[in-house]
$ cat data_1.csv   # CSV, C-alpha atoms
chain,number,residue,atom,x,y,z
A,1,MET,CA,0.0,0.0,0.0
A,2,ARG,CA,1.4,3.4,-0.9
A,3,VAL,CA,1.6,5.9,1.9
A,4,ARG,CA,-0.7,8.8,1.2
A,5,CYS,CA,1.2,11.4,3.1
A,6,LYS,CA,-0.3,14.9,3.0
A,7,ALA,CA,2.0,17.8,3.6
A,8,ILE,CA,2.2,18.5,7.4
A,9,LEU,CA,2.5,22.2,7.8
A,10,LEU,CA,6.1,23.2,8.3
A,11,LEU,CA,7.3,19.8,9.6
A,12,SER,CA,9.1,19.2,6.4
A,13,THR,CA,10.2,22.8,6.0
A,14,ILE,CA,13.9,23.2,5.6
A,15,MET,CA,15.2,25.9,7.9
A,16,CYS,CA,17.3,28.3,5.8
A,17,PHE,CA,19.5,29.7,8.6
A,18,GLY,CA,23.2,30.3,8.3
A,19,PHE,CA,23.4,31.7,4.8
A,20,PHE,CA,25.1,34.9,6.0
A,21,ALA,CA,27.9,35.3,8.5
A,22,VAL,CA,27.1,36.8,11.9
A,23,ALA,CA,30.0,37.8,14.1
A,24,GLN,CA,30.5,35.2,16.8
A,25,GLY,CA,31.1,36.2,20.4
A,26,LYS,CA,29.1,38.3,22.9
A,27,GLY,CA,26.7,40.7,21.3
A,28,ILE,CA,26.0,41.9,17.8
A,29,ASP,CA,29.1,43.0,15.9
A,30,PRO,CA,29.0,46.8,16.2
A,31,ALA,CA,29.8,47.4,12.6
A,32,LEU,CA,26.9,45.1,11.6
A,33,GLN,CA,24.6,46.8,14.1
A,34,LYS,CA,25.6,50.2,12.7
A,35,LYS,CA,24.7,49.2,9.2
A,36,ALA,CA,21.4,47.7,10.4
A,37,ASP,CA,20.5,50.9,12.2
A,38,ALA,CA,21.3,52.9,9.1
A,39,GLY,CA,18.7,50.9,7.2
A,40,ASP,CA,20.8,48.3,5.3
A,41,ALA,CA,18.4,45.5,4.6
A,42,GLY,CA,21.0,42.7,4.5
A,43,ALA,CA,22.4,43.8,7.8
A,44,GLN,CA,19.0,44.0,9.3
A,45,PHE,CA,18.4,40.4,8.2
A,46,GLN,CA,21.7,39.3,9.7
A,47,VAL,CA,20.8,40.9,13.0
A,48,GLY,CA,17.4,39.1,12.9
A,49,GLN,CA,19.2,35.8,12.2
A,50,ALA,CA,21.5,36.4,15.3
A,51,TYR,CA,18.4,36.9,17.5
A,52,GLY,CA,16.5,34.1,15.8
A,53,GLN,CA,19.3,31.6,16.2
A,54,GLY,CA,20.8,32.9,19.4
A,55,THR,CA,24.2,32.7,17.9
A,56,SER,CA,25.9,35.8,19.3
A,57,VAL,CA,23.1,37.1,21.5
A,58,PRO,CA,20.4,35.3,23.6
A,59,GLN,CA,17.7,33.9,21.4
A,60,ASP,CA,14.9,36.5,21.2
A,61,PHE,CA,12.2,35.9,18.7
A,62,ARG,CA,10.5,39.3,19.3
A,63,GLN,CA,13.8,41.0,18.3
A,64,ALA,CA,14.2,38.6,15.4
A,65,ALA,CA,10.8,39.5,14.1
A,66,ALA,CA,11.4,43.2,14.5
A,67,TRP,CA,14.6,43.1,12.5
A,68,TYR,CA,13.2,40.7,9.9
A,69,GLU,CA,10.3,43.1,9.4
A,70,LYS,CA,12.6,46.1,8.8
A,71,SER,CA,14.5,44.0,6.2
A,72,ALA,CA,11.3,42.5,4.7
A,73,ASP,CA,9.7,45.8,4.3
A,74,GLN,CA,12.6,46.7,2.0
A,75,GLY,CA,11.9,43.7,-0.2
A,76,TYR,CA,14.6,41.4,1.3
A,77,ALA,CA,13.3,38.0,0.2
A,78,GLN,CA,14.9,35.8,2.8
A,79,ALA,CA,13.7,38.1,5.6
A,80,GLN,CA,10.2,37.9,4.2
A,81,TYR,CA,10.3,34.1,4.4
A,82,GLU,CA,11.7,34.0,7.9
A,83,LEU,CA,9.0,36.5,9.0
A,84,GLY,CA,6.4,34.2,7.5
A,85,LEU,CA,7.8,31.3,9.6
A,86,LEU,CA,7.6,33.3,12.8
A,87,TYR,CA,3.9,34.2,12.1
A,88,SER,CA,3.2,30.6,11.2
A,89,ARG,CA,4.5,29.4,14.5
A,90,GLY,CA,3.7,32.3,16.7
A,91,ASP,CA,7.3,32.9,17.7
A,92,GLY,CA,7.9,36.5,18.8
A,93,VAL,CA,4.6,37.6,17.2
A,94,PRO,CA,1.0,36.4,17.6
A,95,GLN,CA,0.3,33.4,15.4
A,96,ASP,CA,-1.3,34.7,12.3
A,97,TYR,CA,-1.6,32.4,9.3
A,98,ALA,CA,-2.9,35.2,7.1
A,99,LYS,CA,0.2,37.3,7.7
A,100,ALA,CA,2.3,34.2,7.3
A,101,ALA,CA,0.7,33.6,3.9
A,102,GLY,CA,1.3,37.2,2.9
A,103,TRP,CA,5.0,37.1,3.7
A,104,TYR,CA,5.4,33.7,2.1
A,105,ARG,CA,3.8,35.1,-1.1
A,106,LYS,CA,6.2,38.0,-1.2
A,107,ALA,CA,9.2,35.7,-0.8
A,108,ALA,CA,7.8,33.1,-3.2
A,109,LEU,CA,7.4,35.7,-5.9
A,110,LEU,CA,11.1,36.5,-5.4
A,111,GLY,CA,12.0,32.9,-5.9
A,112,VAL,CA,12.5,31.6,-2.4
A,113,ALA,CA,11.9,27.9,-2.7
A,114,ASN,CA,11.0,27.3,0.9
A,115,ALA,CA,8.4,30.1,0.8
A,116,GLN,CA,7.0,28.5,-2.4
A,117,TYR,CA,6.8,25.2,-0.7
A,118,ASN,CA,5.2,26.6,2.5
A,119,LEU,CA,2.7,28.6,0.6
A,120,GLY,CA,1.9,25.5,-1.4
A,121,THR,CA,1.0,23.7,1.7
A,122,PHE,CA,-1.3,26.5,2.7
A,123,TYR,CA,-3.1,26.2,-0.6
A,124,GLU,CA,-3.3,22.4,-0.4
A,125,GLN,CA,-4.8,22.5,3.1
A,126,GLY,CA,-6.8,25.7,2.7
A,127,ILE,CA,-4.9,27.5,5.5
A,128,ALA,CA,-5.5,31.3,5.4
A,129,VAL,CA,-6.2,31.0,1.6
A,130,PRO,CA,-9.0,29.2,-0.3
A,131,GLN,CA,-8.0,25.6,-0.9
A,132,ASN,CA,-6.7,25.3,-4.4
A,133,TYR,CA,-4.8,22.2,-5.5
A,134,SER,CA,-3.8,23.6,-8.8
A,135,GLN,CA,-2.2,26.6,-7.1
A,136,ALA,CA,-0.5,24.2,-4.7
A,137,ALA,CA,0.8,22.2,-7.6
A,138,ASP,CA,2.2,25.3,-9.3
A,139,LEU,CA,4.0,26.4,-6.1
A,140,TYR,CA,5.3,23.0,-5.4
A,141,ARG,CA,6.6,22.8,-9.0
A,142,ARG,CA,8.5,26.1,-8.6
A,143,ALA,CA,10.1,24.9,-5.4
A,144,ALA,CA,10.7,21.4,-6.7
A,145,GLU,CA,12.6,22.7,-9.7
A,146,GLN,CA,14.9,24.4,-7.3
A,147,GLY,CA,15.6,21.1,-5.5
A,148,ASN,CA,13.3,21.3,-2.5
A,149,ALA,CA,12.8,17.7,-1.6
A,150,SER,CA,9.5,18.1,0.3
A,151,ALA,CA,8.0,20.0,-2.7
A,152,GLN,CA,9.2,17.3,-5.0
A,153,PHE,CA,7.5,14.7,-2.9
A,154,ASN,CA,4.3,16.6,-2.6
A,155,LEU,CA,4.2,17.3,-6.3
A,156,GLY,CA,4.7,13.6,-7.0
A,157,LEU,CA,1.9,12.8,-4.6
A,158,LEU,CA,-0.5,15.2,-6.5
A,159,TYR,CA,0.4,13.5,-9.7
A,160,ASP,CA,0.0,10.1,-8.1
A,161,ASN,CA,-3.5,10.9,-6.9
A,162,GLY,CA,-4.5,13.2,-9.8
A,163,THR,CA,-5.1,16.1,-7.4
A,164,GLY,CA,-4.8,19.5,-9.0
A,165,VAL,CA,-3.1,18.0,-12.0
A,166,THR,CA,-3.9,15.3,-14.5
A,167,ARG,CA,-3.1,11.9,-12.9
A,168,ASP,CA,0.3,10.8,-14.3
A,169,PHE,CA,2.1,7.9,-12.6
A,170,ALA,CA,5.3,8.5,-14.7
A,171,GLN,CA,5.4,12.1,-13.5
A,172,ALA,CA,4.7,10.9,-9.9
A,173,ALA,CA,7.6,8.4,-10.1
A,174,SER,CA,9.9,11.1,-11.6
A,175,TRP,CA,9.3,13.5,-8.8
A,176,TYR,CA,9.4,10.8,-6.1
A,177,THR,CA,12.8,9.8,-7.5
A,178,LYS,CA,14.2,13.3,-7.1
A,179,ALA,CA,13.0,13.5,-3.5
A,180,ALA,CA,14.1,9.9,-2.8
A,181,GLU,CA,17.6,10.6,-4.1
A,182,GLN,CA,17.8,13.4,-1.5
A,183,GLY,CA,17.0,11.0,1.3
A,184,LEU,CA,13.3,11.6,1.9
A,185,PRO,CA,12.0,8.3,3.3
A,186,ARG,CA,8.4,8.8,2.4
A,187,ALA,CA,9.4,9.4,-1.2
A,188,GLN,CA,11.6,6.3,-1.1
A,189,PHE,CA,8.7,4.2,0.2
A,190,ASN,CA,6.3,5.5,-2.5
A,191,LEU,CA,8.9,5.0,-5.2
A,192,GLY,CA,9.5,1.4,-4.0
A,193,SER,CA,5.8,0.8,-4.2
A,194,MET,CA,5.8,2.0,-7.8
A,195,TYR,CA,8.6,-0.3,-8.8
A,196,ALA,CA,6.9,-3.2,-7.0
A,197,GLY,CA,3.6,-2.5,-8.8
A,198,GLY,CA,4.8,-1.2,-12.1
A,199,GLN,CA,3.1,2.1,-11.9
A,200,GLY,CA,4.8,4.8,-13.9
A,201,VAL,CA,7.9,2.6,-14.1
A,202,PRO,CA,8.5,-1.0,-15.2
A,203,VAL,CA,8.2,-3.6,-12.5
A,204,ASN,CA,11.7,-3.9,-11.0
A,205,LEU,CA,11.7,-5.9,-7.7
A,206,PRO,CA,15.4,-5.3,-6.9
A,207,GLU,CA,14.9,-1.6,-7.4
A,208,ALA,CA,11.8,-1.8,-5.1
A,209,TYR,CA,13.8,-3.6,-2.5
A,210,PHE,CA,16.5,-1.0,-2.6
A,211,TRP,CA,14.1,1.9,-2.0
A,212,PHE,CA,12.1,0.1,0.6
A,213,ASP,CA,15.4,-0.7,2.4
A,214,LEU,CA,16.5,2.9,2.4
A,215,ALA,CA,13.1,4.0,3.8
A,216,ALA,CA,13.3,1.3,6.5
A,217,ASN,CA,16.7,2.6,7.6
A,218,LEU,CA,15.9,6.3,7.4
A,219,TRP,CA,12.3,6.5,8.5
A,220,ASN,CA,11.5,7.0,12.2
A,221,GLY,CA,8.2,6.4,13.9
A,222,ALA,CA,5.1,4.4,12.9
A,223,HIS,CA,5.8,4.2,9.2
A,224,GLN,CA,9.2,2.5,9.7
A,225,GLY,CA,7.6,-0.9,10.3
A,226,GLU,CA,5.5,-0.6,7.2
A,227,ALA,CA,8.7,0.0,5.2
A,228,VAL,CA,10.3,-3.0,6.8
A,229,ARG,CA,7.3,-5.2,6.0
A,230,ALA,CA,7.2,-4.1,2.4
A,231,ARG,CA,11.0,-4.7,2.0
A,232,ASP,CA,10.8,-8.1,3.5
A,233,LEU,CA,7.8,-9.1,1.2
A,234,VAL,CA,9.8,-8.1,-1.8
A,235,ALA,CA,12.8,-10.0,-0.5
A,236,GLN,CA,10.8,-13.2,-0.7
A,237,ARG,CA,10.4,-12.8,-4.4
A,238,LEU,CA,14.1,-12.1,-5.2
A,239,THR,CA,16.8,-14.5,-6.2
A,240,GLN,CA,19.6,-14.7,-3.7
A,241,THR,CA,21.9,-12.9,-6.1
A,242,ASP,CA,19.5,-10.0,-6.7
A,243,LEU,CA,18.8,-9.7,-2.9
A,244,LEU,CA,22.5,-9.5,-2.1
A,245,ASN,CA,23.2,-7.0,-4.8
A,246,ALA,CA,20.2,-4.8,-3.7
A,247,GLN,CA,21.4,-5.0,0.0
A,248,ASP,CA,24.9,-4.1,-1.0
A,249,ARG,CA,23.7,-1.2,-3.1
A,250,ALA,CA,21.6,0.1,-0.2
A,251,ALA,CA,24.4,-0.3,2.3
A,252,LYS,CA,26.7,1.8,0.1
A,253,TRP,CA,24.1,4.5,-0.5
A,254,LEU,CA,23.5,4.8,3.3
A,255,ALA,CA,27.3,4.9,4.0
A,256,GLY,CA,27.7,7.6,1.5
A,257,HIS,CA,24.8,9.8,2.7
A,258,ARG,CA,25.1,9.5,6.4
A,259,LYS,CA,27.4,11.9,8.2

$ encode --input "data_1.csv" --output "structure tokens"
Amino acid sequence: MRVRCKAILLLSTIMCFGFFAVAQGKGIDPALQKKADAGDAGAQFQVGQAYGQGTSVPQDFRQAAAWYEKSADQGYAQAQYELGLLYSRGDGVPQDYAKAAGWYRKAALLGVANAQYNLGTFYEQGIAVPQNYSQAADLYRRAAEQGNASAQFNLGLLYDNGTGVTRDFAQAASWYTKAAEQGLPRAQFNLGSMYAGGQGVPVNLPEAYFWFDLAANLWNGAHQGEAVRARDLVAQRLTQTDLLNAQDRAAKWLAGHRK
């Protein structure tokens, strides 16, 4: 059975912290603070990052939100995204999904993949915007084309189910593959299911075993057992040679992708 995972708001969101250097040590670097006070949007974003992460000052989401907003109001895309996150969570500001959607939209239009993905989940679930699967698919596609694994998976799922797009198992398998190759267990599981059943791809049981095995090793929680069971069922249908080769391939993939 293929897992029908729906996007869970923000759980798969990739945090985009650390893109800019913030002076380490006690307090904000005076030169950086001076630039921020003078209205430099990039410096304001960096000060917001320092407060948001608690890297050089005690973590303070209210200060982070204040500095992100100064930067975001000047059109700084990453600050717009981070401000959207704070409103989504209610960190440092009252939780307000409508404001979150507004800031995500601004950042999404400027090409921020994580903002596109998060706004896509809002449209898919009807959070602060009218539910619109076609709009969700469009946003997921924009983020997926930039390499966002969660967006790749969600877009694959829309194609798999024919939600907001014409049902297309080949497209579903293609997007699952991109996400699976980045190590997303739910994409690995769904891709294994497609190879086991020949949906969108030719039946290939060694390939199905490989992806199920990765999912079984990388997934935590309730779904891990399902991946183990699927893997073991496929194993019963493989020759000993094919099984050993698939196991060896999976072991090498895991060794190369784990830190």

$ residues_around --input "data_1.csv" --residues "Asp160 in chain A" --least-positions-apart "2" --cutoff "9 Å" --atoms "only C-alpha atoms" --output "PyMOL selection string"
chain A and resi 155-158+162-163+167-173

$ residues_around --input "data_1.csv" --residues "range 43-59 of chain A" --least-positions-apart "3" --cutoff "6 Å" --atoms "all atoms listed in the file" --output "list in words"
Gln24, Gly25, Lys26, Gly27, Ala36, Asp40, Ala64, Trp67, Tyr68, Ser71 and Ala79 of chain A

$ atom_distance --input "data_1.csv" --atom1 "CA of Leu109 in chain A" --atom2 "CA of Leu139 in chain A"
9.9 Å

$ closest_residue --input "data_1.csv" --among "A:Gln78, A:Asn217, A:Asn154, A:Gln33" --to "Gln247 in chain A" --atoms "only C-alpha atoms"
A:Asn217

$ closest_residue --input "data_1.csv" --among "A:Phe153, A:Asn114, A:Ile28, A:Gly102" --to "Val129 in chain A" --atoms "all atoms listed in the file"
A:Gly102

$ residues_around --input "data_1.csv" --residues "range 187-196 of chain A" --least-positions-apart "2" --cutoff "9 Å" --atoms "only C-alpha atoms" --output "JSON, numbers by chain"
{"A": [1, 2, 3, 4, 149, 150, 152, 153, 154, 156, 157, 169, 172, 173, 174, 175, 176, 177, 178, 179, 180, 181, 183, 184, 185, 198, 199, 200, 201, 202, 203, 204, 205, 206, 207, 208, 209, 210, 211, 212, 213, 214, 215, 216, 227, 230, 231, 234]}

$ closest_residue --input "data_1.csv" --among "A:Gln63, A:Gln135, A:Gln182, A:Asn118" --to "Leu85 in chain A" --atoms "all atoms listed in the file"
A:Asn118

$ closest_residue --input "data_1.csv" --among "A:Gly256, A:Gly147, A:Gly75, A:Gly225" --to "Ala41 in chain A" --atoms "only C-alpha atoms"
A:Gly75

$ atom_distance --input "data_1.csv" --atom1 "CA of Tyr87 in chain A" --atom2 "CA of Glu124 in chain A"
18.6 Å

$ atom_distance --input "data_1.csv" --atom1 "CA of Tyr81 in chain A" --atom2 "CA of Gly42 in chain A"
13.7 Å

$ residues_around --input "data_1.csv" --residues "Ser88 in chain A" --least-positions-apart "5" --cutoff "6 Å" --atoms "all atoms listed in the file" --output "PyMOL selection string"
chain A and resi 95+97+100

$ closest_residue --input "data_1.csv" --among "A:Arg142, A:Arg249, A:Lys99, A:Arg89" --to "Val112 in chain A" --atoms "only C-alpha atoms"
A:Arg142

$ closest_residue --input "data_1.csv" --among "A:Ala144, A:Val93, A:Ala101, A:Leu110" --to "Ala128 in chain A" --atoms "all atoms listed in the file"
A:Ala101

$ build_atoms --input "data_1.csv" --residues "range 171-192 of chain A" --atoms "N, CA and C atoms" --output "PDB file, in the coordinates of the input"
ATOM      1  N   GLN A 171       4.990  10.879 -14.095  1.00  0.00           N
ATOM      2  CA  GLN A 171       5.400  12.100 -13.500  1.00  0.00           C
ATOM      3  C   GLN A 171       5.566  11.928 -11.947  1.00  0.00           C
ATOM      4  N   ALA A 172       4.638  11.177 -11.357  1.00  0.00           N
ATOM      5  CA  ALA A 172       4.700  10.900  -9.900  1.00  0.00           C
ATOM      6  C   ALA A 172       6.054  10.197  -9.611  1.00  0.00           C
ATOM      7  N   ALA A 173       6.370   9.167 -10.385  1.00  0.00           N
ATOM      8  CA  ALA A 173       7.600   8.400 -10.100  1.00  0.00           C
ATOM      9  C   ALA A 173       8.829   9.305 -10.345  1.00  0.00           C
ATOM     10  N   SER A 174       8.776  10.183 -11.332  1.00  0.00           N
ATOM     11  CA  SER A 174       9.900  11.100 -11.600  1.00  0.00           C
ATOM     12  C   SER A 174      10.167  12.004 -10.420  1.00  0.00           C
ATOM     13  N   TRP A 175       9.096  12.602  -9.876  1.00  0.00           N
ATOM     14  CA  TRP A 175       9.300  13.500  -8.800  1.00  0.00           C
ATOM     15  C   TRP A 175       9.622  12.770  -7.465  1.00  0.00           C
ATOM     16  N   TYR A 176       9.033  11.599  -7.273  1.00  0.00           N
ATOM     17  CA  TYR A 176       9.400  10.800  -6.100  1.00  0.00           C
ATOM     18  C   TYR A 176      10.913  10.459  -6.179  1.00  0.00           C
ATOM     19  N   THR A 177      11.390  10.148  -7.375  1.00  0.00           N
ATOM     20  CA  THR A 177      12.800   9.800  -7.500  1.00  0.00           C
ATOM     21  C   THR A 177      13.703  10.938  -7.095  1.00  0.00           C
ATOM     22  N   LYS A 178      13.369  12.144  -7.515  1.00  0.00           N
ATOM     23  CA  LYS A 178      14.200  13.300  -7.100  1.00  0.00           C
ATOM     24  C   LYS A 178      14.235  13.481  -5.629  1.00  0.00           C
ATOM     25  N   ALA A 179      13.077  13.334  -4.982  1.00  0.00           N
ATOM     26  CA  ALA A 179      13.000  13.500  -3.500  1.00  0.00           C
ATOM     27  C   ALA A 179      13.708  12.293  -2.834  1.00  0.00           C
ATOM     28  N   ALA A 180      13.503  11.108  -3.373  1.00  0.00           N
ATOM     29  CA  ALA A 180      14.100   9.900  -2.800  1.00  0.00           C
ATOM     30  C   ALA A 180      15.616   9.965  -2.832  1.00  0.00           C
ATOM     31  N   GLU A 181      16.141  10.463  -3.922  1.00  0.00           N
ATOM     32  CA  GLU A 181      17.600  10.600  -4.100  1.00  0.00           C
ATOM     33  C   GLU A 181      18.189  11.553  -3.064  1.00  0.00           C
ATOM     34  N   GLN A 182      17.356  12.469  -2.556  1.00  0.00           N
ATOM     35  CA  GLN A 182      17.800  13.400  -1.500  1.00  0.00           C
ATOM     36  C   GLN A 182      17.633  12.843  -0.119  1.00  0.00           C
ATOM     37  N   GLY A 183      17.108  11.616  -0.031  1.00  0.00           N
ATOM     38  CA  GLY A 183      17.000  11.000   1.300  1.00  0.00           C
ATOM     39  C   GLY A 183      15.694  11.106   1.983  1.00  0.00           C
ATOM     40  N   LEU A 184      14.624  11.452   1.272  1.00  0.00           N
ATOM     41  CA  LEU A 184      13.300  11.600   1.900  1.00  0.00           C
ATOM     42  C   LEU A 184      12.644  10.235   2.004  1.00  0.00           C
ATOM     43  N   PRO A 185      12.489   9.692   3.213  1.00  0.00           N
ATOM     44  CA  PRO A 185      12.000   8.300   3.300  1.00  0.00           C
ATOM     45  C   PRO A 185      10.620   8.073   2.748  1.00  0.00           C
ATOM     46  N   ARG A 186       9.696   9.022   2.897  1.00  0.00           N
ATOM     47  CA  ARG A 186       8.400   8.800   2.400  1.00  0.00           C
ATOM     48  C   ARG A 186       8.367   8.737   0.844  1.00  0.00           C
ATOM     49  N   ALA A 187       9.276   9.476   0.224  1.00  0.00           N
ATOM     50  CA  ALA A 187       9.400   9.400  -1.200  1.00  0.00           C
ATOM     51  C   ALA A 187      10.054   8.060  -1.613  1.00  0.00           C
ATOM     52  N   GLN A 188      11.022   7.610  -0.829  1.00  0.00           N
ATOM     53  CA  GLN A 188      11.600   6.300  -1.100  1.00  0.00           C
ATOM     54  C   GLN A 188      10.624   5.190  -0.994  1.00  0.00           C
ATOM     55  N   PHE A 189       9.752   5.275   0.012  1.00  0.00           N
ATOM     56  CA  PHE A 189       8.700   4.200   0.200  1.00  0.00           C
ATOM     57  C   PHE A 189       7.762   4.245  -1.013  1.00  0.00           C
ATOM     58  N   ASN A 190       7.265   5.417  -1.379  1.00  0.00           N
ATOM     59  CA  ASN A 190       6.300   5.500  -2.500  1.00  0.00           C
ATOM     60  C   ASN A 190       6.968   5.050  -3.801  1.00  0.00           C
ATOM     61  N   LEU A 191       8.234   5.393  -3.988  1.00  0.00           N
ATOM     62  CA  LEU A 191       8.900   5.000  -5.200  1.00  0.00           C
ATOM     63  C   LEU A 191       9.116   3.449  -5.204  1.00  0.00           C
ATOM     64  N   GLY A 192       9.457   2.890  -4.047  1.00  0.00           N
ATOM     65  CA  GLY A 192       9.500   1.400  -4.000  1.00  0.00           C
ATOM     66  C   GLY A 192       8.218   0.776  -4.318  1.00  0.00           C
TER      67      GLY A 192
END
